[in-house]
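Below is the file coords-v3.txt, which contains compact mmCIF, C-alpha atoms.
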# COMPACT_ATOMS: atom_id res chain seq x y z
CA MET A 1 -13.55 -16.71 -9.24
CA ILE A 2 -12.42 -13.69 -7.23
CA LYS A 3 -12.82 -14.16 -3.49
CA ALA A 4 -10.82 -11.13 -2.31
CA ILE A 5 -9.85 -7.67 -3.53
CA ALA A 6 -6.63 -6.09 -2.26
CA ILE A 7 -6.92 -2.38 -2.97
CA ASP A 8 -4.70 0.62 -2.36
CA ILE A 9 -6.24 3.77 -0.86
CA ASP A 10 -4.39 7.02 -1.71
CA GLY A 11 -4.43 7.68 -5.45
CA THR A 12 -6.62 4.65 -6.07
CA LEU A 13 -9.75 5.05 -3.97
CA THR A 14 -9.03 8.76 -3.62
CA TYR A 15 -8.53 11.70 -5.93
CA LYS A 16 -5.17 13.44 -6.17
CA ASP A 17 -6.13 15.72 -3.25
CA ARG A 18 -6.74 12.54 -1.18
CA SER A 19 -10.49 13.06 -0.92
CA LEU A 20 -12.47 9.83 -1.20
CA ASN A 21 -14.27 8.87 -4.39
CA CYS A 22 -17.72 7.95 -3.09
CA LYS A 23 -18.68 6.13 -6.30
CA ALA A 24 -15.83 3.71 -5.69
CA VAL A 25 -16.96 3.19 -2.10
CA GLU A 26 -20.52 2.47 -3.22
CA ALA A 27 -19.20 -0.02 -5.77
CA LEU A 28 -17.01 -1.84 -3.23
CA ARG A 29 -19.97 -2.23 -0.91
CA LYS A 30 -21.74 -4.24 -3.63
CA VAL A 31 -18.89 -6.73 -4.03
CA ASP A 32 -19.37 -10.22 -2.60
CA ALA A 33 -15.71 -10.73 -1.68
CA VAL A 34 -13.30 -9.89 1.13
CA ILE A 35 -11.99 -6.33 0.67
CA ILE A 36 -8.42 -5.86 1.91
CA LEU A 37 -7.30 -2.24 2.12
CA ALA A 38 -3.56 -2.07 1.37
CA THR A 39 -1.81 1.20 2.16
CA GLY A 40 1.51 2.78 2.95
CA ASN A 41 -0.25 4.72 5.68
CA ILE A 42 -0.31 3.95 9.41
CA SER A 43 -2.54 1.42 11.13
CA CYS A 44 -4.90 3.88 12.83
CA PHE A 45 -5.56 5.57 9.47
CA ALA A 46 -6.23 2.26 7.70
CA ARG A 47 -8.41 1.02 10.56
CA THR A 48 -10.53 4.18 10.44
CA ALA A 49 -10.70 4.20 6.64
CA ALA A 50 -11.85 0.58 6.63
CA LYS A 51 -14.65 1.34 9.08
CA LEU A 52 -15.78 4.44 7.15
CA ILE A 53 -15.70 2.64 3.81
CA GLY A 54 -17.67 -0.10 5.49
CA VAL A 55 -16.57 -3.21 3.65
CA SER A 56 -14.03 -5.10 5.77
CA ASP A 57 -11.69 -4.63 8.73
CA VAL A 58 -8.81 -6.51 7.07
CA VAL A 59 -5.95 -4.12 6.28
CA ILE A 60 -2.34 -4.05 5.13
CA CYS A 61 -0.54 -1.01 6.55
CA GLU A 62 2.90 0.56 6.24
CA ASN A 63 3.54 -1.11 2.87
CA GLY A 64 3.16 -4.59 4.32
CA GLY A 65 4.99 -4.00 7.58
CA VAL A 66 1.79 -4.20 9.62
CA VAL A 67 -1.44 -6.18 9.11
CA ARG A 68 -4.63 -6.49 11.12
CA PHE A 69 -7.78 -8.57 10.76
CA ASP A 70 -10.29 -6.95 13.11
CA TYR A 71 -11.22 -3.39 14.04
CA ASP A 72 -10.70 -4.19 17.71
CA GLY A 73 -7.84 -6.60 17.04
CA GLU A 74 -4.11 -6.16 17.46
CA ASP A 75 -1.56 -4.94 14.94
CA ILE A 76 0.61 -7.78 13.68
CA VAL A 77 4.02 -6.22 13.01
CA LEU A 78 5.99 -7.96 10.25
CA GLY A 79 8.81 -5.45 9.71
CA ASP A 80 11.84 -4.38 11.77
CA LYS A 81 11.77 -0.60 12.17
CA SER A 82 15.26 -0.50 13.71
CA LYS A 83 16.79 -1.33 10.33
CA CYS A 84 14.96 1.63 8.80
CA LEU A 85 16.06 4.06 11.50
CA LYS A 86 19.69 3.10 10.90
CA ALA A 87 19.18 3.84 7.21
CA VAL A 88 17.79 7.28 8.07
CA GLU A 89 21.01 8.10 9.90
CA ILE A 90 22.93 7.33 6.72
CA LEU A 91 20.71 9.58 4.60
CA LYS A 92 21.04 12.43 7.11
CA LYS A 93 24.70 12.69 6.17
CA TYR A 94 23.71 13.68 2.63
CA TYR A 95 20.22 15.20 2.73
CA ARG A 96 17.92 17.27 4.89
CA ILE A 97 15.48 14.66 6.18
CA GLU A 98 11.94 15.25 7.44
CA LEU A 99 10.22 12.31 9.14
CA LEU A 100 6.46 11.86 8.84
CA ASP A 101 4.21 10.14 11.41
CA ASN A 102 7.27 8.63 13.04
CA ASP A 103 5.68 8.21 16.47
CA TYR A 104 2.89 6.12 14.95
CA ARG A 105 4.83 3.93 12.54
CA LYS A 106 5.73 0.49 13.87
CA SER A 107 7.63 -1.16 11.03
CA GLU A 108 9.03 1.51 8.70
CA VAL A 109 10.08 5.15 8.34
CA CYS A 110 8.19 7.66 6.22
CA LEU A 111 9.98 10.70 4.74
CA ARG A 112 9.04 13.90 2.96
CA ARG A 113 9.87 13.73 -0.77
CA THR A 114 12.64 16.36 -0.62
CA PHE A 115 15.62 14.50 -2.07
CA PRO A 116 16.44 12.40 -5.17
CA ILE A 117 15.27 8.87 -4.46
CA ASP A 118 17.44 7.18 -7.09
CA GLU A 119 20.57 8.62 -5.49
CA ALA A 120 19.36 7.64 -2.04
CA ARG A 121 18.86 4.02 -3.13
CA LYS A 122 22.58 3.74 -3.84
CA LEU A 123 23.42 4.80 -0.28
CA LEU A 124 21.21 2.39 1.64
CA PRO A 125 22.23 -1.01 3.02
CA GLU A 126 20.83 -4.18 1.44
CA ASP A 127 18.52 -5.02 4.36
CA VAL A 128 16.19 -2.09 3.58
CA ARG A 129 14.65 -0.48 0.53
CA ILE A 130 13.16 2.93 -0.21
CA ILE A 131 9.96 3.23 -2.23
CA ASP A 132 7.88 6.11 -3.49
CA SER A 133 4.14 5.96 -2.77
CA GLY A 134 3.57 9.15 -4.75
CA PHE A 135 2.81 11.00 -1.52
CA ALA A 136 5.95 10.19 0.51
CA TYR A 137 9.10 8.08 0.55
CA HIS A 138 9.07 4.96 2.70
CA ILE A 139 12.12 3.13 4.02
CA THR A 140 11.00 -0.43 4.69
CA ASP A 141 12.52 -3.65 5.92
CA ARG A 142 13.41 -5.57 2.75
CA GLU A 143 11.78 -8.66 4.25
CA VAL A 144 8.32 -7.08 3.99
CA SER A 145 6.11 -5.80 1.18
CA LYS A 146 2.44 -5.47 0.33
CA GLY A 147 2.81 -8.71 -1.62
CA LYS A 148 4.21 -10.71 1.31
CA ALA A 149 1.56 -9.25 3.60
CA LEU A 150 -1.11 -10.27 1.10
CA LYS A 151 0.26 -13.83 1.14
CA PHE A 152 0.13 -13.82 4.94
CA ILE A 153 -3.49 -12.66 4.96
CA ALA A 154 -4.58 -15.05 2.20
CA GLU A 155 -3.16 -18.00 4.16
CA LYS A 156 -4.96 -16.94 7.33
CA LEU A 157 -8.24 -16.49 5.46
CA GLU A 158 -7.69 -19.72 3.50
CA ILE A 159 -7.98 -17.94 0.15
CA ARG A 160 -5.74 -18.93 -2.76
CA LEU A 161 -3.72 -16.07 -4.24
CA GLU A 162 -5.13 -16.91 -7.67
CA GLU A 163 -8.51 -15.91 -6.24
CA VAL A 164 -7.26 -12.43 -5.27
CA ALA A 165 -7.43 -9.33 -7.48
CA ALA A 166 -5.18 -6.36 -6.66
CA ILE A 167 -5.98 -2.76 -7.63
CA GLY A 168 -3.51 0.11 -7.21
CA ASP A 169 -1.71 3.13 -8.58
CA SER A 170 1.86 3.37 -7.35
CA GLU A 171 5.27 1.75 -7.11
CA ASN A 172 4.51 0.29 -3.68
CA ASP A 173 1.76 -1.86 -5.25
CA ILE A 174 4.13 -3.76 -7.57
CA ASP A 175 4.82 -6.61 -5.13
CA MET A 176 1.09 -7.01 -4.54
CA PHE A 177 0.45 -7.28 -8.28
CA GLU A 178 3.15 -9.91 -8.64
CA VAL A 179 1.49 -12.32 -6.18
CA ALA A 180 -2.21 -11.68 -6.88
CA GLY A 181 -4.16 -13.64 -9.46
CA ILE A 182 -4.73 -10.43 -11.42
CA GLY A 183 -3.34 -6.92 -11.03
CA ILE A 184 -5.29 -3.89 -12.24
CA ALA A 185 -3.70 -0.43 -12.43
CA VAL A 186 -5.91 2.64 -12.56
CA ALA A 187 -5.23 5.09 -15.40
CA ASN A 188 -3.27 7.54 -13.22
CA ALA A 189 -0.89 4.79 -12.05
CA ASP A 190 2.89 5.03 -12.00
CA ILE A 191 4.41 3.75 -15.25
CA LYS A 192 6.36 1.11 -13.30
CA LEU A 193 3.10 -0.37 -12.01
CA LYS A 194 1.46 -0.27 -15.42
CA ARG A 195 4.31 -2.39 -16.79
CA VAL A 196 3.51 -5.27 -14.43
CA ALA A 197 -0.28 -4.86 -14.48
CA ASP A 198 -2.50 -7.37 -16.27
CA VAL A 199 -5.05 -4.62 -16.96
CA VAL A 200 -4.88 -0.81 -17.01
CA THR A 201 -8.19 1.01 -16.70
CA SER A 202 -9.16 3.87 -19.00
CA LYS A 203 -10.29 5.99 -16.04
CA PRO A 204 -8.23 7.33 -13.11
CA ASN A 205 -8.55 6.96 -9.34
CA GLY A 206 -11.89 5.78 -7.95
CA ASP A 207 -13.57 5.85 -11.35
CA GLY A 208 -10.92 3.37 -12.45
CA VAL A 209 -11.78 1.20 -9.45
CA VAL A 210 -15.41 1.06 -10.57
CA GLU A 211 -14.22 0.15 -14.06
CA ALA A 212 -11.98 -2.58 -12.62
CA LEU A 213 -14.82 -4.12 -10.61
CA GLU A 214 -17.02 -4.10 -13.71
CA PHE A 215 -14.23 -5.78 -15.70
CA LEU A 216 -14.00 -8.49 -13.03
CA GLY A 217 -17.76 -9.01 -13.18
CA LEU A 218 -18.17 -8.19 -9.50
CA ILE A 219 -20.72 -5.37 -9.92
What is this structure when it is put down as structure tokens?
Amino acid sequence: MIKAIAIDIDGTLTYKDRSLNCKAVEALRKVDAVIILATGNISCFARTAAKLIGVSDVVICENGGVVRFDYDGEDIVLGDKSKCLKAVEILKKYYRIELLDNDYRKSEVCLRRTFPIDEARKLLPEDVRIIDSGFAYHITDREVSKGKALKFIAEKLEIRLEEVAAIGDSENDIDMFEVAGIGIAVANADIKLKRVADVVTSKPNGDGVVEALEFLGLI
């Protein structure tokens, strides 16, 4: 029995241009389970998106570096941004770096996708990692991930991880899939995510979300 859905936003609930798939929103509103929005984006974005979607105020932000339970609640910061900033200084020696939303990020650093990520991975220290959300690169504290944040939330809500379904589209959803009871990748998902998914939908983006909820018997 599924008691919670952990779902990515960009590329999963949205189209490629990041506009929201309203059919997916309507479907989520019918689900009798806790909806956890899980994004690489910043807290204020996730908080607003959660309120507009209208299903739950529980969110995972910054790829697991920040979580919050209530719209008017406080951000719980799980990651150490100072590690990520030190890593940026290393990358600046080799690439032209453009930071994104840096003033608003509390646990990680977000970068424009202007350099080869595989090369960059070889340059970074072991206490951080760099992941590709499909929209930007994120340097995160290696101690955090969407999966670890999902564990944290599940414990607080007293929900077993086997009772959680995860839905996503990109590399930063892999850790979430590995801890959830079932992981469902939408059709447009990164090949790396599809390899660890239990199910891959036939439809992309929000239409794939609707398909996933139907598969789970939740709508």
By how many Å are atom CA of Lys151 of chain A and atom CA of Ile117 of chain A apart?
->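 Calculated distance between atom CA of Lys151 of chain A and atom CA of Ile117 of chain A is 27.8 Å.
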Closest of A:Leu124, A:Leu91, A:Val196, A:Ala149 to Leu37 of chain A - atom-to-atom distances counting only C-alpha atoms =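 With only C-alpha atoms as the atom set, the closest residue is A:Ala149.
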Contacts of Gly40 of chain A at 12 Å or less, counting only C-alpha atoms, minus same-chain residues fewer than 2 places along, as a PyMOL selection string?
-> chain A and resi 7-11+37-38+42-46+59-67+100-101+105-111+131-140+145-146+168-173
What separation in Å, quoted to one decimal, exists between atom CA of Val164 of chain A and atom CA of Ile2 of chain A?
->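 Pair atom CA of Val164 of chain A / atom CA of Ile2 of chain A returns 5.7 Å.
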Pick from A:Ile5, A:Ala187, A:Ile174, A:Val200, whichever lies nearest to Asp32 of chain A using all atoms listed in the file | A:Ile5
What is the distance, in Å and to one decimal place, between atom CA of Val31 of chain A and atom CA of Leu218 of chain A?
-> 5.7 Å
Would you place a box with edges along x, y and z of the file around all atoms of segment 86-99 of chain A listed there, add 8 Å to each of its six sides, and report the centre and edge lengths in Å to one decimal, as lines of an AutoDock Vina configuration file?
center_x = 17.5
center_y = 10.2
center_z = 6.8
size_x = 30.5
size_y = 30.2
size_z = 24.3
Polymer residues at most 12 Å from Pro125 of chain A, all atoms listed in the file, same-chain spacing of 3 or more positions, as number ranges by chain | A: 83-91, 120-122, 128-130, 139-142
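The residue that comes closest to Gly147 of chain A, out of A:Lys23, A:Ala6, A:Asp190, A:Tyr15 and on the basis of all atoms listed in the file, is A:Ala6.
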Which of A:Val144, A:Ile167, A:Ala50, A:Ile184 sits closest to Gly79 of chain A [using only C-alpha atoms] |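 Nearest to Gly79 of chain A: A:Val144.
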